[in-house]
Every structure is written in structure tokens, then in C-alpha cells.
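Structure below is structure.pdb: PDB, C-alpha atoms, pLDDT in the B column.
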ATOM      1  CA  GLN A   1       6.313  78.464  58.043  1.00 61.00           C
ATOM      2  CA  LYS A   2       2.965  77.345  56.639  1.00 68.00           C
ATOM      3  CA  GLU A   3       0.129  79.804  57.075  1.00 88.00           C
ATOM      4  CA  VAL A   4      -2.211  77.229  58.603  1.00 93.00           C
ATOM      5  CA  GLU A   5      -0.775  74.094  60.179  1.00 93.00           C
ATOM      6  CA  GLN A   6      -2.479  70.901  61.182  1.00 94.00           C
ATOM      7  CA  ASN A   7      -1.221  67.494  62.208  1.00 88.00           C
ATOM      8  CA  SER A   8      -1.960  65.306  59.194  1.00 85.00           C
ATOM      9  CA  GLY A   9      -2.677  62.255  61.341  1.00 84.00           C
ATOM     10  CA  PRO A  10      -4.107  59.743  61.046  1.00 92.00           C
ATOM     11  CA  LEU A  11      -5.724  60.303  64.413  1.00 95.00           C
ATOM     12  CA  SER A  12      -7.468  57.198  65.735  1.00 97.00           C
ATOM     13  CA  VAL A  13     -10.093  57.569  68.445  1.00 97.00           C
ATOM     14  CA  PRO A  14     -12.346  54.878  69.967  1.00 97.00           C
ATOM     15  CA  GLU A  15     -16.061  55.231  69.395  1.00 97.00           C
ATOM     16  CA  GLY A  16     -17.688  57.264  72.155  1.00 97.00           C
ATOM     17  CA  ALA A  17     -14.484  59.080  73.121  1.00 97.00           C
ATOM     18  CA  ILE A  18     -13.583  62.739  72.534  1.00 97.00           C
ATOM     19  CA  ALA A  19     -11.629  63.556  69.378  1.00 97.00           C
ATOM     20  CA  SER A  20      -9.433  66.642  69.622  1.00 97.00           C
ATOM     21  CA  LEU A  21      -8.186  68.352  66.460  1.00 97.00           C
ATOM     22  CA  ASN A  22      -5.760  71.260  66.533  1.00 96.00           C
ATOM     23  CA  CYS A  23      -4.770  74.015  64.147  1.00 96.00           C
ATOM     24  CA  THR A  24      -2.280  76.875  64.390  1.00 96.00           C
ATOM     25  CA  TYR A  25      -2.059  79.896  62.113  1.00 94.00           C
ATOM     26  CA  SER A  26       0.654  82.416  61.394  1.00 92.00           C
ATOM     27  CA  ASP A  27      -1.285  85.595  60.532  1.00 87.00           C
ATOM     28  CA  ARG A  28      -1.950  87.276  63.877  1.00 87.00           C
ATOM     29  CA  GLY A  29      -4.545  89.525  62.276  1.00 84.00           C
ATOM     30  CA  SER A  30      -6.745  86.660  61.101  1.00 86.00           C
ATOM     31  CA  GLN A  31     -10.357  87.295  61.883  1.00 83.00           C
ATOM     32  CA  SER A  32     -12.504  84.235  61.241  1.00 87.00           C
ATOM     33  CA  PHE A  33     -11.874  80.546  61.619  1.00 92.00           C
ATOM     34  CA  PHE A  34     -13.659  77.603  60.093  1.00 93.00           C
ATOM     35  CA  TRP A  35     -13.686  73.836  60.401  1.00 96.00           C
ATOM     36  CA  TYR A  36     -14.655  71.865  57.303  1.00 96.00           C
ATOM     37  CA  ARG A  37     -15.206  68.127  57.139  1.00 97.00           C
ATOM     38  CA  GLN A  38     -14.324  66.224  53.979  1.00 97.00           C
ATOM     39  CA  TYR A  39     -15.273  62.610  53.436  1.00 97.00           C
ATOM     40  CA  SER A  40     -13.122  60.644  51.026  1.00 94.00           C
ATOM     41  CA  GLY A  41     -14.016  61.512  47.443  1.00 92.00           C
ATOM     42  CA  LYS A  42     -16.450  64.232  48.509  1.00 94.00           C
ATOM     43  CA  SER A  43     -16.382  68.017  48.773  1.00 95.00           C
ATOM     44  CA  PRO A  44     -15.647  69.958  51.980  1.00 95.00           C
ATOM     45  CA  GLU A  45     -18.647  70.927  54.114  1.00 94.00           C
ATOM     46  CA  LEU A  46     -18.653  73.498  56.885  1.00 92.00           C
ATOM     47  CA  ILE A  47     -19.292  72.161  60.374  1.00 94.00           C
ATOM     48  CA  MET A  48     -18.239  75.050  62.637  1.00 91.00           C
ATOM     49  CA  PHE A  49     -17.047  78.639  62.510  1.00 90.00           C
ATOM     50  CA  ILE A  50     -15.757  80.858  65.302  1.00 92.00           C
ATOM     51  CA  TYR A  51     -14.774  84.527  65.454  1.00 87.00           C
ATOM     52  CA  SER A  52     -14.293  85.325  69.138  1.00 86.00           C
ATOM     53  CA  ASN A  53     -11.917  83.975  71.725  1.00 90.00           C
ATOM     54  CA  GLY A  54     -13.348  81.167  73.800  1.00 92.00           C
ATOM     55  CA  ASP A  55     -15.557  78.209  73.087  1.00 94.00           C
ATOM     56  CA  LYS A  56     -18.457  77.731  70.719  1.00 94.00           C
ATOM     57  CA  GLU A  57     -20.629  74.656  70.996  1.00 96.00           C
ATOM     58  CA  ASP A  58     -22.921  73.091  68.402  1.00 94.00           C
ATOM     59  CA  GLY A  59     -24.270  69.686  69.297  1.00 96.00           C
ATOM     60  CA  ARG A  60     -21.382  67.262  69.707  1.00 97.00           C
ATOM     61  CA  PHE A  61     -18.919  69.788  68.276  1.00 97.00           C
ATOM     62  CA  THR A  62     -17.027  72.496  70.184  1.00 97.00           C
ATOM     63  CA  ALA A  63     -14.684  74.969  68.515  1.00 96.00           C
ATOM     64  CA  GLN A  64     -12.119  76.715  70.704  1.00 97.00           C
ATOM     65  CA  LEU A  65     -10.210  79.834  69.690  1.00 95.00           C
ATOM     66  CA  ASN A  66      -7.196  81.422  71.366  1.00 95.00           C
ATOM     67  CA  LYS A  67      -6.030  84.401  69.327  1.00 92.00           C
ATOM     68  CA  ALA A  68      -3.125  85.232  71.651  1.00 93.00           C
ATOM     69  CA  SER A  69      -1.653  81.778  71.074  1.00 94.00           C
ATOM     70  CA  GLN A  70      -2.884  81.659  67.471  1.00 94.00           C
ATOM     71  CA  TYR A  71      -4.575  78.321  67.672  1.00 94.00           C
ATOM     72  CA  VAL A  72      -8.013  76.978  67.042  1.00 96.00           C
ATOM     73  CA  SER A  73      -9.231  73.525  67.957  1.00 97.00           C
ATOM     74  CA  LEU A  74     -12.223  71.304  67.343  1.00 97.00           C
ATOM     75  CA  LEU A  75     -13.537  68.824  69.892  1.00 97.00           C
ATOM     76  CA  ILE A  76     -15.926  66.077  68.859  1.00 98.00           C
ATOM     77  CA  ARG A  77     -17.702  64.461  71.792  1.00 98.00           C
ATOM     78  CA  ASP A  78     -19.183  60.957  71.727  1.00 97.00           C
ATOM     79  CA  SER A  79     -17.310  60.196  68.496  1.00 97.00           C
ATOM     80  CA  GLN A  80     -19.186  58.104  65.960  1.00 97.00           C
ATOM     81  CA  PRO A  81     -17.839  56.037  63.044  1.00 96.00           C
ATOM     82  CA  SER A  82     -19.586  58.551  60.750  1.00 97.00           C
ATOM     83  CA  ASP A  83     -17.191  61.208  62.066  1.00 97.00           C
ATOM     84  CA  SER A  84     -14.321  59.426  60.269  1.00 97.00           C
ATOM     85  CA  ALA A  85     -13.170  61.988  57.697  1.00 97.00           C
ATOM     86  CA  THR A  86     -10.498  64.580  57.017  1.00 96.00           C
ATOM     87  CA  TYR A  87     -11.012  67.807  58.971  1.00 97.00           C
ATOM     88  CA  LEU A  88      -9.779  70.993  57.350  1.00 96.00           C
ATOM     89  CA  CYS A  89      -9.037  74.125  59.338  1.00 96.00           C
ATOM     90  CA  ALA A  90      -9.502  77.363  57.373  1.00 93.00           C
ATOM     91  CA  VAL A  91      -8.586  80.927  58.283  1.00 91.00           C
ATOM     92  CA  ASN A  92      -9.805  84.232  56.878  1.00 85.00           C
ATOM     93  CA  PRO A  93      -6.734  86.532  56.758  1.00 76.00           C
ATOM     94  CA  LEU A  94      -6.764  90.164  57.790  1.00 63.00           C
ATOM     95  CA  GLY A  95      -7.784  92.589  55.093  1.00 60.00           C
ATOM     96  CA  PHE A  96     -10.068  90.237  53.276  1.00 60.00           C
ATOM     97  CA  GLY A  97     -13.792  89.944  53.516  1.00 61.00           C
ATOM     98  CA  ASN A  98     -15.210  86.563  52.953  1.00 57.00           C
ATOM     99  CA  GLU A  99     -13.279  86.279  49.718  1.00 66.00           C
ATOM    100  CA  LYS A 100     -10.248  84.383  50.885  1.00 80.00           C
ATOM    101  CA  LEU A 101      -9.853  81.292  53.006  1.00 87.00           C
ATOM    102  CA  THR A 102      -6.465  79.744  53.654  1.00 89.00           C
ATOM    103  CA  PHE A 103      -6.748  76.043  54.402  1.00 93.00           C
ATOM    104  CA  GLY A 104      -4.532  73.725  56.388  1.00 94.00           C
ATOM    105  CA  THR A 105      -3.577  70.349  54.964  1.00 92.00           C
ATOM    106  CA  GLY A 106      -6.194  68.605  57.091  1.00 94.00           C
ATOM    107  CA  THR A 107      -6.181  65.962  59.816  1.00 96.00           C
ATOM    108  CA  ARG A 108      -7.440  62.507  58.940  1.00 96.00           C
ATOM    109  CA  LEU A 109      -9.628  61.201  61.770  1.00 97.00           C
ATOM    110  CA  THR A 110     -10.597  57.556  62.144  1.00 97.00           C
ATOM    111  CA  ILE A 111     -13.172  56.490  64.744  1.00 97.00           C
ATOM    112  CA  ILE A 112     -12.644  52.889  65.777  1.00 96.00           C
ATOM    113  CA  PRO A 113     -15.873  50.970  66.564  1.00 94.00           C
TER     114      PRO A 113
ATOM    115  CA  ASP B   1     -32.129  71.128  44.457  1.00 66.00           C
ATOM    116  CA  THR B   2     -30.283  74.252  45.521  1.00 63.00           C
ATOM    117  CA  ALA B   3     -26.582  73.642  45.144  1.00 91.00           C
ATOM    118  CA  VAL B   4     -23.290  74.299  43.481  1.00 96.00           C
ATOM    119  CA  SER B   5     -22.892  72.041  40.468  1.00 96.00           C
ATOM    120  CA  GLN B   6     -19.869  71.326  38.311  1.00 96.00           C
ATOM    121  CA  THR B   7     -19.366  69.570  35.014  1.00 96.00           C
ATOM    122  CA  PRO B   8     -17.745  67.311  34.166  1.00 96.00           C
ATOM    123  CA  LYS B   9     -17.177  65.187  37.267  1.00 95.00           C
ATOM    124  CA  TYR B  10     -14.205  63.424  35.687  1.00 97.00           C
ATOM    125  CA  LEU B  11     -11.889  64.662  32.966  1.00 97.00           C
ATOM    126  CA  VAL B  12      -9.079  62.568  31.487  1.00 97.00           C
ATOM    127  CA  THR B  13      -6.987  64.190  28.785  1.00 97.00           C
ATOM    128  CA  GLN B  14      -3.573  64.291  27.156  1.00 97.00           C
ATOM    129  CA  MET B  15      -0.806  66.762  27.900  1.00 97.00           C
ATOM    130  CA  GLY B  16      -1.018  69.843  25.749  1.00 97.00           C
ATOM    131  CA  ASN B  17      -4.795  69.773  25.325  1.00 97.00           C
ATOM    132  CA  ASP B  18      -7.159  72.592  26.288  1.00 97.00           C
ATOM    133  CA  LYS B  19     -10.134  71.849  28.543  1.00 97.00           C
ATOM    134  CA  SER B  20     -12.905  73.666  30.389  1.00 97.00           C
ATOM    135  CA  ILE B  21     -14.772  73.033  33.617  1.00 98.00           C
ATOM    136  CA  LYS B  22     -18.144  74.627  34.231  1.00 97.00           C
ATOM    137  CA  CYS B  23     -19.693  75.708  37.522  1.00 97.00           C
ATOM    138  CA  GLU B  24     -23.156  76.948  38.344  1.00 97.00           C
ATOM    139  CA  GLN B  25     -24.766  77.933  41.632  1.00 96.00           C
ATOM    140  CA  ASN B  26     -28.439  78.568  42.267  1.00 95.00           C
ATOM    141  CA  LEU B  27     -28.021  79.812  45.824  1.00 92.00           C
ATOM    142  CA  GLY B  28     -28.235  83.470  44.816  1.00 91.00           C
ATOM    143  CA  HIS B  29     -24.667  84.069  45.998  1.00 90.00           C
ATOM    144  CA  ASP B  30     -22.549  86.964  44.744  1.00 88.00           C
ATOM    145  CA  THR B  31     -19.108  85.411  45.196  1.00 90.00           C
ATOM    146  CA  MET B  32     -17.710  82.339  43.488  1.00 92.00           C
ATOM    147  CA  TYR B  33     -14.357  80.581  43.755  1.00 93.00           C
ATOM    148  CA  TRP B  34     -12.106  78.016  42.164  1.00 95.00           C
ATOM    149  CA  TYR B  35      -9.951  75.823  44.381  1.00 96.00           C
ATOM    150  CA  LYS B  36      -7.367  73.183  43.511  1.00 96.00           C
ATOM    151  CA  GLN B  37      -6.893  70.156  45.766  1.00 96.00           C
ATOM    152  CA  ASP B  38      -3.719  68.215  45.085  1.00 91.00           C
ATOM    153  CA  SER B  39      -2.921  64.567  45.739  1.00 87.00           C
ATOM    154  CA  LYS B  40      -1.958  65.395  49.330  1.00 84.00           C
ATOM    155  CA  LYS B  41      -5.415  66.890  49.874  1.00 84.00           C
ATOM    156  CA  PHE B  42      -4.090  70.444  50.167  1.00 89.00           C
ATOM    157  CA  LEU B  43      -6.915  72.797  49.184  1.00 92.00           C
ATOM    158  CA  LYS B  44      -5.712  76.084  47.725  1.00 92.00           C
ATOM    159  CA  ILE B  45      -7.690  78.991  46.350  1.00 92.00           C
ATOM    160  CA  MET B  46      -7.018  79.903  42.720  1.00 93.00           C
ATOM    161  CA  PHE B  47      -9.553  82.591  41.875  1.00 91.00           C
ATOM    162  CA  SER B  48     -12.426  84.477  43.430  1.00 89.00           C
ATOM    163  CA  TYR B  49     -15.103  86.455  41.605  1.00 88.00           C
ATOM    164  CA  ASN B  50     -17.606  88.858  43.112  1.00 85.00           C
ATOM    165  CA  ASN B  51     -20.523  89.804  40.895  1.00 83.00           C
ATOM    166  CA  LYS B  52     -18.611  88.784  37.745  1.00 82.00           C
ATOM    167  CA  GLU B  53     -15.537  90.773  38.787  1.00 85.00           C
ATOM    168  CA  LEU B  54     -12.197  89.077  39.548  1.00 87.00           C
ATOM    169  CA  ILE B  55     -11.119  89.915  43.090  1.00 83.00           C
ATOM    170  CA  ILE B  56      -8.541  87.247  43.900  1.00 81.00           C
ATOM    171  CA  ASN B  57      -5.987  85.720  41.540  1.00 83.00           C
ATOM    172  CA  GLU B  58      -3.501  83.616  43.473  1.00 83.00           C
ATOM    173  CA  THR B  59      -0.267  83.253  41.483  1.00 78.00           C
ATOM    174  CA  VAL B  60      -1.883  80.836  39.093  1.00 87.00           C
ATOM    175  CA  PRO B  61      -0.188  80.245  35.692  1.00 90.00           C
ATOM    176  CA  ASN B  62      -1.860  82.264  32.975  1.00 91.00           C
ATOM    177  CA  ARG B  63      -2.755  78.989  31.236  1.00 95.00           C
ATOM    178  CA  PHE B  64      -5.693  79.063  33.647  1.00 95.00           C
ATOM    179  CA  SER B  65      -8.378  81.557  32.702  1.00 94.00           C
ATOM    180  CA  PRO B  66     -11.599  81.933  34.653  1.00 93.00           C
ATOM    181  CA  LYS B  67     -14.686  83.435  33.074  1.00 93.00           C
ATOM    182  CA  SER B  68     -17.848  84.585  34.775  1.00 92.00           C
ATOM    183  CA  PRO B  69     -20.641  85.256  32.265  1.00 91.00           C
ATOM    184  CA  ASP B  70     -23.023  86.100  35.106  1.00 91.00           C
ATOM    185  CA  LYS B  71     -22.932  85.879  38.867  1.00 89.00           C
ATOM    186  CA  ALA B  72     -24.396  82.364  38.892  1.00 94.00           C
ATOM    187  CA  HIS B  73     -21.691  80.898  36.657  1.00 95.00           C
ATOM    188  CA  LEU B  74     -17.929  80.645  36.899  1.00 95.00           C
ATOM    189  CA  ASN B  75     -16.067  78.578  34.334  1.00 96.00           C
ATOM    190  CA  LEU B  76     -12.412  77.588  34.272  1.00 97.00           C
ATOM    191  CA  HIS B  77     -10.521  77.149  31.025  1.00 97.00           C
ATOM    192  CA  ILE B  78      -7.095  75.530  31.045  1.00 96.00           C
ATOM    193  CA  ASN B  79      -4.740  75.765  28.069  1.00 96.00           C
ATOM    194  CA  SER B  80      -1.804  73.502  27.267  1.00 97.00           C
ATOM    195  CA  LEU B  81      -2.463  71.059  30.087  1.00 97.00           C
ATOM    196  CA  GLU B  82       0.527  69.739  32.018  1.00 96.00           C
ATOM    197  CA  LEU B  83       0.974  66.650  34.187  1.00 96.00           C
ATOM    198  CA  GLY B  84       1.095  68.842  37.295  1.00 94.00           C
ATOM    199  CA  ASP B  85      -2.403  70.115  36.590  1.00 96.00           C
ATOM    200  CA  SER B  86      -3.805  66.745  37.641  1.00 96.00           C
ATOM    201  CA  ALA B  87      -5.888  67.424  40.740  1.00 96.00           C
ATOM    202  CA  VAL B  88      -9.444  67.829  41.940  1.00 97.00           C
ATOM    203  CA  TYR B  89     -10.863  71.262  41.137  1.00 98.00           C
ATOM    204  CA  PHE B  90     -13.631  72.564  43.380  1.00 97.00           C
ATOM    205  CA  CYS B  91     -15.959  75.416  42.662  1.00 97.00           C
ATOM    206  CA  ALA B  92     -17.528  77.189  45.651  1.00 95.00           C
ATOM    207  CA  SER B  93     -19.833  80.099  46.326  1.00 93.00           C
ATOM    208  CA  SER B  94     -20.768  82.339  49.229  1.00 89.00           C
ATOM    209  CA  ALA B  95     -22.976  85.306  49.995  1.00 85.00           C
ATOM    210  CA  ALA B  96     -21.273  88.708  49.750  1.00 70.00           C
ATOM    211  CA  GLY B  97     -20.119  90.544  52.847  1.00 62.00           C
ATOM    212  CA  GLY B  98     -20.206  89.345  56.399  1.00 56.00           C
ATOM    213  CA  LYS B  99     -18.626  86.090  57.348  1.00 63.00           C
ATOM    214  CA  ASN B 100     -20.587  83.569  55.403  1.00 67.00           C
ATOM    215  CA  GLU B 101     -19.782  79.973  54.750  1.00 83.00           C
ATOM    216  CA  GLN B 102     -18.544  78.798  51.406  1.00 89.00           C
ATOM    217  CA  PHE B 103     -20.560  76.050  49.735  1.00 91.00           C
ATOM    218  CA  PHE B 104     -18.516  73.671  47.620  1.00 95.00           C
ATOM    219  CA  GLY B 105     -19.444  71.877  44.437  1.00 96.00           C
ATOM    220  CA  PRO B 106     -18.824  68.129  44.051  1.00 96.00           C
ATOM    221  CA  GLY B 107     -15.449  68.626  42.390  1.00 96.00           C
ATOM    222  CA  THR B 108     -13.951  67.765  39.002  1.00 97.00           C
ATOM    223  CA  ARG B 109     -11.174  65.194  39.006  1.00 97.00           C
ATOM    224  CA  LEU B 110      -8.761  66.146  36.230  1.00 97.00           C
ATOM    225  CA  THR B 111      -6.189  63.589  35.112  1.00 97.00           C
ATOM    226  CA  VAL B 112      -3.558  64.643  32.594  1.00 97.00           C
ATOM    227  CA  LEU B 113      -1.755  61.764  30.883  1.00 96.00           C
TER     228      LEU B 113
END
What is this structure when it is put down as C-alpha cells?
Amino acid sequence: QKEVEQNSGPLSVPEGAIASLNCTYSDRGSQSFFWYRQYSGKSPELIMFIYSNGDKEDGRFTAQLNKASQYVSLLIRDSQPSDSATYLCAVNPLGFGNEKLTFGTGTRLTIIP
Amino acid sequence: DTAVSQTPKYLVTQMGNDKSIKCEQNLGHDTMYWYKQDSKKFLKIMFSYNNKELIINETVPNRFSPKSPDKAHLNLHINSLELGDSAVYFCASSAAGGKNEQFFGPGTRLTVL
């Protein structure tokens, strides 16, 4: 079983709709969870992080964490063509400070105008 | 500009050669990382340094040797390059302690022929 799993996609969403990206992780003791966005040919950039169960909202983005079920999701409201990118879920395993992030393979999102 | 920078951006070389990639950050961070992203976009940590000290070494062949001359620089030297080393290598940095985001450099695309 992979440590962090994501559906590789591609996920196609019409412009203006809600894009929903999901991620599951195997280490029950994981403490912190991150969503990175990576445009083609560019480096990953952090868009959201979440540590506590529940929802965290930042503009059009909402991260949701359920530690009991070991999943974390990212919702993008009012999707824009500029949101088309690969979204990487990353998890900070138990026992590590900020030093280690385990990444999923990413979900490729395409917003259709 | 404050950032994480890497040189070179592209590196094309023959099998068996030795090459180096340099990374510098001027964000005042204490922790620096090397990641490898393969052709399937899987991003995997290779090394992590905190204040010039190696803290993570993820089952990387010993042909790969990181060097941190000071906390703003982390270089990666690769001996006897193999075809499977072809990938994009990202340097990243973060502040020590807490749960801080990692800032990625622009990446170095290494192609081994």
C-alpha cells in the first residue's frame, strides 16, 4: 500500500463548478497535511495546509481532514482555467518535525472553459 | 528577489559522468532538502539538512552525495550517472521547527544519455 494515495486523473471540471480532490494516507499518526499545486514544467507551490479535523477555508479553497478515516480533501469553488494543474497531497509522518513530507503521485486537474 | 535558486536549470550528460547541482536560498531558513521527481511526476525526498547537518537520507544510492557548506547552500553531487537518474531534481527550504511550508526551487532537469 502506498503511503499517500491520490487518483491520478485527469479530472475534468467545467469552469465555475466545484473541483473535488481526494487523498488517503496510511500512517495513522500523521500530523500535518498539505496541498501543493504544480503547473506543468514548474515547481510545487503550497496552497493549503491543515492540522486539525474539520474544514479550513482560504478564499476559493477548502481543505477537509478526517483523521479517523485517514483522508484529506481539497475543494476548489468557482473553478477557473488557471486552476488547471497537478495537485499534490503531502503528509508529515509521525515522529518527524517539518523535515519530512511524503507526497502522493498527484491528481491532474483540467478546468474546461 | 527572495527565493530558492538552483543551477543549472537543464543538464544533459552521458552515462558514467559526474555532475553537480547547486542550490541557494536567501529566505533565512535552517532546513534544506533535495527531492527527485520522476517521469510520472512522483516527488520523493532524497535528503534533508538542518543547519548544515544531515537529518534525512532516504535510501538513496551512495553515488549521490549532498554537501552543505553553510545553511544557505545545499549542493548535490552525483557520481557515475545512470540512465535511471534522469529526472527533475528540486531543492527546497523551510524554517526550522513548527509546521512551516517548504519553498521549492525551479528544478533542474537532468537527462542522462
What does the ChimeraX specification (/A :<9) & /B select in this file, as an MDAnalysis selection string?
chainID B and resid 31:33 40:45 48:50 55:56 90 94:107
I would like the residues chosen by the PyMOL selection byres ((chain B and resi 17) around 6) on the shown file; could you give them as a list in words?
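So the PyMOL selection byres ((chain B and resi 17) around 6), applied here, picks out Gln14, Met15, Gly16, Asp18, Ser80 and Leu81 of chain B.
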Padded axis-aligned box of stretch 103-110 of chain B (8 Å per side), centre and edge lengths, Å, one decimal, as JSON:
{"center_x": -14.7, "center_y": 70.6, "center_z": 43.0, "size_x": 27.8, "size_y": 26.9, "size_z": 29.5}
For the file shown, report as a list in words the outcome of the PyMOL selection byres ((chain A and resi 14) around 12) at residue level.
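Output from the PyMOL selection byres ((chain A and resi 14) around 12), applied to this file: Leu11, Ser12, Val13, Glu15, Gly16, Ala17, Ile18, Ala19, Ile76, Arg77, Asp78, Ser79, Gln80, Pro81, Asp83, Ser84, Leu109, Thr110, Ile111, Ile112 and Pro113 of chain A.
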Could you write out the selected residues, including C-alpha atoms, as a compact mmCIF listing (two decimals), in the coordinates of the input?
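This went into out-v3.txt:
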# COMPACT_ATOMS: atom_id res chain seq x y z
CA LEU A 11 -5.72 60.30 64.41
CA SER A 12 -7.47 57.20 65.74
CA VAL A 13 -10.09 57.57 68.44
CA GLU A 15 -16.06 55.23 69.40
CA GLY A 16 -17.69 57.26 72.16
CA ALA A 17 -14.48 59.08 73.12
CA ILE A 18 -13.58 62.74 72.53
CA ALA A 19 -11.63 63.56 69.38
CA ILE A 76 -15.93 66.08 68.86
CA ARG A 77 -17.70 64.46 71.79
CA ASP A 78 -19.18 60.96 71.73
CA SER A 79 -17.31 60.20 68.50
CA GLN A 80 -19.19 58.10 65.96
CA PRO A 81 -17.84 56.04 63.04
CA ASP A 83 -17.19 61.21 62.07
CA SER A 84 -14.32 59.43 60.27
CA LEU A 109 -9.63 61.20 61.77
CA THR A 110 -10.60 57.56 62.14
CA ILE A 111 -13.17 56.49 64.74
CA ILE A 112 -12.64 52.89 65.78
CA PRO A 113 -15.87 50.97 66.56
Which residues, written as a VMD selection string, have at least one atom at most 10 Å from stretch 65-72 of chain B, with only C-alpha atoms counted and residues fewer than 6 positions away on the same chain left out?
chain B and resid 4 20 to 34 46 to 54 57 78 to 79 93
Using only C-alpha atoms, please write the residues we just selected to a file, as a tab-separated table (two decimals), keeping the file's coordinate frame.
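Result saved to result_38.tsv:
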chain	number	residue	atom	x	y	z
B	4	VAL	CA	-23.29	74.30	43.48
B	20	SER	CA	-12.90	73.67	30.39
B	21	ILE	CA	-14.77	73.03	33.62
B	22	LYS	CA	-18.14	74.63	34.23
B	23	CYS	CA	-19.69	75.71	37.52
B	24	GLU	CA	-23.16	76.95	38.34
B	25	GLN	CA	-24.77	77.93	41.63
B	26	ASN	CA	-28.44	78.57	42.27
B	27	LEU	CA	-28.02	79.81	45.82
B	28	GLY	CA	-28.24	83.47	44.82
B	29	HIS	CA	-24.67	84.07	46.00
B	30	ASP	CA	-22.55	86.96	44.74
B	31	THR	CA	-19.11	85.41	45.20
B	32	MET	CA	-17.71	82.34	43.49
B	33	TYR	CA	-14.36	80.58	43.76
B	34	TRP	CA	-12.11	78.02	42.16
B	46	MET	CA	-7.02	79.90	42.72
B	47	PHE	CA	-9.55	82.59	41.88
B	48	SER	CA	-12.43	84.48	43.43
B	49	TYR	CA	-15.10	86.46	41.60
B	50	ASN	CA	-17.61	88.86	43.11
B	51	ASN	CA	-20.52	89.80	40.90
B	52	LYS	CA	-18.61	88.78	37.74
B	53	GLU	CA	-15.54	90.77	38.79
B	54	LEU	CA	-12.20	89.08	39.55
B	57	ASN	CA	-5.99	85.72	41.54
B	78	ILE	CA	-7.10	75.53	31.04
B	79	ASN	CA	-4.74	75.76	28.07
B	93	SER	CA	-19.83	80.10	46.33
